[in-house]
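S.K.: This structure is in structure tokens; I'll ask about it shortly.
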Amino acid sequence: MSDPQLRVLAVDDVPAILRFLVSALTAQGCVASSASTAEQAIELLSQQSFDLVVSDINMPGLSGLDLLRAVKSKQPDTPVVLITGAPSVDSAVFGLRHGAYDYLAKPFSAKEVGALIHRLREDRQPGQGRVGYPAGLAEDLARKQLGVEVLLRIGDLALQGLAPAEFLDIVLRDTMRGLGGDAALVLLRNDSGEFSSSHHGDPELVKHLLARLQACFAQLLATDGRQTLTLSEPNDPRMALAALVPGVDGTMGVLCLGRNGRAGAFLPDEKELLLAYAQNSALALQKLALRETAESNLVNTIAAFVNAIESKDYYLKGHSARVSLYAGEIATVMGMPHDEVLVVCRGGILHDLGKLAILDPILSKPGRLTPEEYELVKAHTEVGDKILKPLGFLCREAKAVRHHHERYDGKGYPDKLAGDDIPLIARVVAVADAFDAMTSDRAYRKALPFETAIAQIEQGVGTQFDPVAARAFLSVPRARLLEISGYWAASLETVAAGG
């Protein structure tokens with residue numbers, strides 16, 4: 001019984017070599033198909049199966065090594081033979097280690113093609129095993145698995161309470177890891193039409209990505225977010241790929257990934273994954289925006305409630321608002337990032353939340369509190385912490401609520417923490433709270449003069465107060481302290497704007 005004809009796909013970008021290869025294969029009784037690019041070959045592979053693929057390594061666009069990976073993905077039992085010139089021998093050896101059946105060195109003869117086909121037919125005989133056993137299949141499956149894992153992770157990130165900047169930072173790192181990039185870049189457009197960028201990886205490649213995005217932006221917009229766009233230039237070994245990050249009202253931004261020449265071009269499944277990353281990132285960003293709006297509204301509702309309760313008491317009116325603004329000044333002087341300053345400000349607004357559970361006659365008592373009454377007042381730190389505990393997104397602010405009466409020397413309450421064991425946000429709010437308490441009238445005493453209160457803060461450095469936070473407070477201009485002292489109420493927007 002004669003051996004069935006072998007179906008062979010020949011791939012080379014040089015027409016003369018491709019014609020010679022097809023002729024040599026046909027002379028060996030093979031049914032030969034041809035493609036001049038790896039992309040055309042991948043398209044043919046999606047339409048029919050082959051018994052052998054013979055491909056040049058160095059081609060424009062996807063290389064022979066990229067095609068090898070695609071074959072092992074689509075038809076893992078199909079053997080692949082790589083055609084190599086002298087400079088590409090290392091690439092051919094790499095291919096052999098990752099599932100290639102053999103390689104032909106240029107210039108090759110019809111006799112060498114015949115020997116190759118003869119060996120292939122022998123290997124296909126019963127008892128000889130599976131000739132195309134994919135040595136690189138495990139690697140390819142691991143690559144795909146990682147790519148899908150990253151896709152799922154991007155969706156999950158939206159549920160973790162991250163700030164948008166932190167979310168994008170993780171997305172960029174995961175995109176590089178999931179798709180094997182050397183640099184990644186995301187551009188986002190705000191409501192004013194201005195773009196901001198975040199990036200990771202090779203700085204020179206990032207510059208190249210920005211330049212290519214600028215040159216190809218109109219083409220990218222024309223994709224309407226339905227496909228990725230290859231940004232690579234002819235004869236440039238660097239590979240670049242971009243996908244739109246769609247928004248609710250038009251384009252929100254762009255996700256771009258780049259590879260240096262040694263990493264190879266992007267395979268079709270990698271292009272699809274980048275598009276999916278961009279689309280998932282858009283959904284996650286929308287969730288984050290909605291969450292931020294909801295959280296901000298909730299914080300403002302609580303702050304308004306605190307302000308309303310305080311406004312009933314002449315001696316407490318505006319206290320939390322002023323503590324919030326003082327704390328924001330301290331955090332700014334300490335060099336905290338803007339996002340962390342806002343967290344400190346929110347901690348200041350909420351720090352006395354637990355006092356809502358304390359009876360008004362105790363809070364406004366003009367004389368000395370009894371030991372029992374004092375213990376009730378002290379409990380406001382723990383009560384406020386319990387109120388905020390179900391609101392996970394306020395976990396950092398809750399530390400200010402619970403610990404703003406701890407002392408740096410460990411003699412405070414409720415947990416007698418000392419030094420750096422006290423959360424930083426609480427150390428900052430403690431200074432702001434003490435200063436406003438001293439410079440405000442109370443039922444049991446008159447407000448202290450500014451300079452007297454400032455001197456007491458200075459006296460408490462290293463004992464009652466964290467030295468860094470206290471010294472930061474002492475460097476705030478007196479005019480700004482005086483301005484804040486006049487506030488009776490403040491919302492989160494007031495605080496975010498610096499008063």
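Chain labels follow the order of the structure tokens: the first chain is A, the next B, and so on; residue numbering restarts at 1 in every chain, and ligands are counted from 1 in their shown order.
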Write out as a VMD selection string which residues come within 10 Å of Gly61 (chain A) when counting only C-alpha atoms, dropping same-chain ones fewer than 4 positions away.
M.R.: chain A and resid 37 to 39 66 230 232 to 237 239 264 to 266
S.K.: Pick out each residue of region 295-418 of chain A that DSSP on the backbone tags as alpha helix (DSSP H); I need them as a ChimeraX atom specification.
M.R.: /A:295-311,319-333,338-350,360-363,371-378,380-388,395-403
S.K.: Name the residues in contact with Tyr408 (chain A) at a cut-off of 8 Å, using only C-alpha atoms, excluding same-chain residues fewer than 6 positions from it; report them as a ChimeraX atom specification.
M.R.: /A:417-420,422,427,462-466
S.K.: With N, CA and C atoms retained, write the just-selected residues as a PDB file, in the first residue's frame.
M.R.:
ATOM      1  N   LEU A 417      -0.530  52.107  72.178  1.00  0.00           N
ATOM      2  CA  LEU A 417       0.530  51.955  71.187  1.00  0.00           C
ATOM      3  C   LEU A 417       1.556  53.067  71.381  1.00  0.00           C
ATOM      4  N   ALA A 418       2.779  52.805  70.915  1.00  0.00           N
ATOM      5  CA  ALA A 418       3.836  53.807  71.069  1.00  0.00           C
ATOM      6  C   ALA A 418       4.643  53.936  69.784  1.00  0.00           C
ATOM      7  N   GLY A 419       5.234  55.124  69.565  1.00  0.00           N
ATOM      8  CA  GLY A 419       6.145  55.334  68.445  1.00  0.00           C
ATOM      9  C   GLY A 419       5.528  54.993  67.105  1.00  0.00           C
ATOM     10  N   ASP A 420       6.339  54.325  66.277  1.00  0.00           N
ATOM     11  CA  ASP A 420       5.899  54.003  64.923  1.00  0.00           C
ATOM     12  C   ASP A 420       4.850  52.901  64.874  1.00  0.00           C
ATOM     13  N   ILE A 422       2.059  53.273  66.176  1.00  0.00           N
ATOM     14  CA  ILE A 422       0.835  54.046  65.940  1.00  0.00           C
ATOM     15  C   ILE A 422       0.755  54.331  64.444  1.00  0.00           C
ATOM     16  N   ARG A 427      -1.081  59.503  63.885  1.00  0.00           N
ATOM     17  CA  ARG A 427      -0.094  60.427  64.463  1.00  0.00           C
ATOM     18  C   ARG A 427      -0.293  61.846  63.923  1.00  0.00           C
ATOM     19  N   GLY A 462       7.897  64.168  70.702  1.00  0.00           N
ATOM     20  CA  GLY A 462       8.590  62.981  71.194  1.00  0.00           C
ATOM     21  C   GLY A 462       7.954  62.347  72.410  1.00  0.00           C
ATOM     22  N   THR A 463       6.994  63.043  73.054  1.00  0.00           N
ATOM     23  CA  THR A 463       6.288  62.444  74.191  1.00  0.00           C
ATOM     24  C   THR A 463       4.828  62.201  73.809  1.00  0.00           C
ATOM     25  N   GLN A 464       4.075  63.294  73.694  1.00  0.00           N
ATOM     26  CA  GLN A 464       2.688  63.130  73.255  1.00  0.00           C
ATOM     27  C   GLN A 464       2.595  62.955  71.737  1.00  0.00           C
ATOM     28  N   PHE A 465       3.471  63.646  71.003  1.00  0.00           N
ATOM     29  CA  PHE A 465       3.328  63.699  69.550  1.00  0.00           C
ATOM     30  C   PHE A 465       4.514  63.087  68.805  1.00  0.00           C
ATOM     31  N   ASP A 466       4.203  62.548  67.645  1.00  0.00           N
ATOM     32  CA  ASP A 466       5.243  62.075  66.719  1.00  0.00           C
ATOM     33  C   ASP A 466       6.104  63.279  66.322  1.00  0.00           C
TER      34      ASP A 466
END
S.K.: List the spatial neighbours of region 199-209 of chain A as a PyMOL selection string - criterion: any atom at most 7 Å away, only C-alpha atoms, same-chain residues fewer than 4 positions off excluded.
M.R.: chain A and resi 172-173+182-186+213+240+258
S.K.: Got a sec: who's within 12 Å of Asp385 (chain A), counting only C-alpha atoms, leaving out chain neighbours fewer than 4 positions off, as an NGL selection string?
M.R.: :A and (347 or 350-355 or 379-381 or 389-392 or 394-404 or 414)
S.K.: Leaving out Ala327 (chain A) and any residue of its chain fewer than 2 positions from it, which residues lie within 12 Å of it when counting only C-alpha atoms, given as a count of residues only?
M.R.: 51
S.K.: Restricting the calculation to only C-alpha atoms, which member of A:Asp441, A:Glu483, A:Asp123, A:Glu375 is positioned closest to Lys317 (chain A)?
M.R.: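 Once distances to Lys317 (chain A) are computed over only C-alpha atoms, the minimum belongs to A:Asp441.
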S.K.: Tell me, as an MDAnalysis selection string, which residues lie within 10 Å of Asp51 (chain A), counting only C-alpha atoms; anything in the same chain fewer than 3 positions away does not count.
M.R.: chainID A and resid 5:9 30:31 75 77:80 120 124 131:132
S.K.: Would you work out the distance separating CA of Asn300 (chain A) from CA of Ala437 (chain A), expressed in Å to one decimal?
M.R.: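 Taking CA of Asn300 (chain A) as the start and CA of Ala437 (chain A) as the end point, the length is 22.8 Å.
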S.K.: Measuring atom to atom with only C-alpha atoms, identify which of A:Glu373, A:Glu149, A:Asp102, A:Asp339 is nearest to Ala115 (chain A).
M.R.: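 Selected residue with least distance to Ala115 (chain A): A:Asp102.
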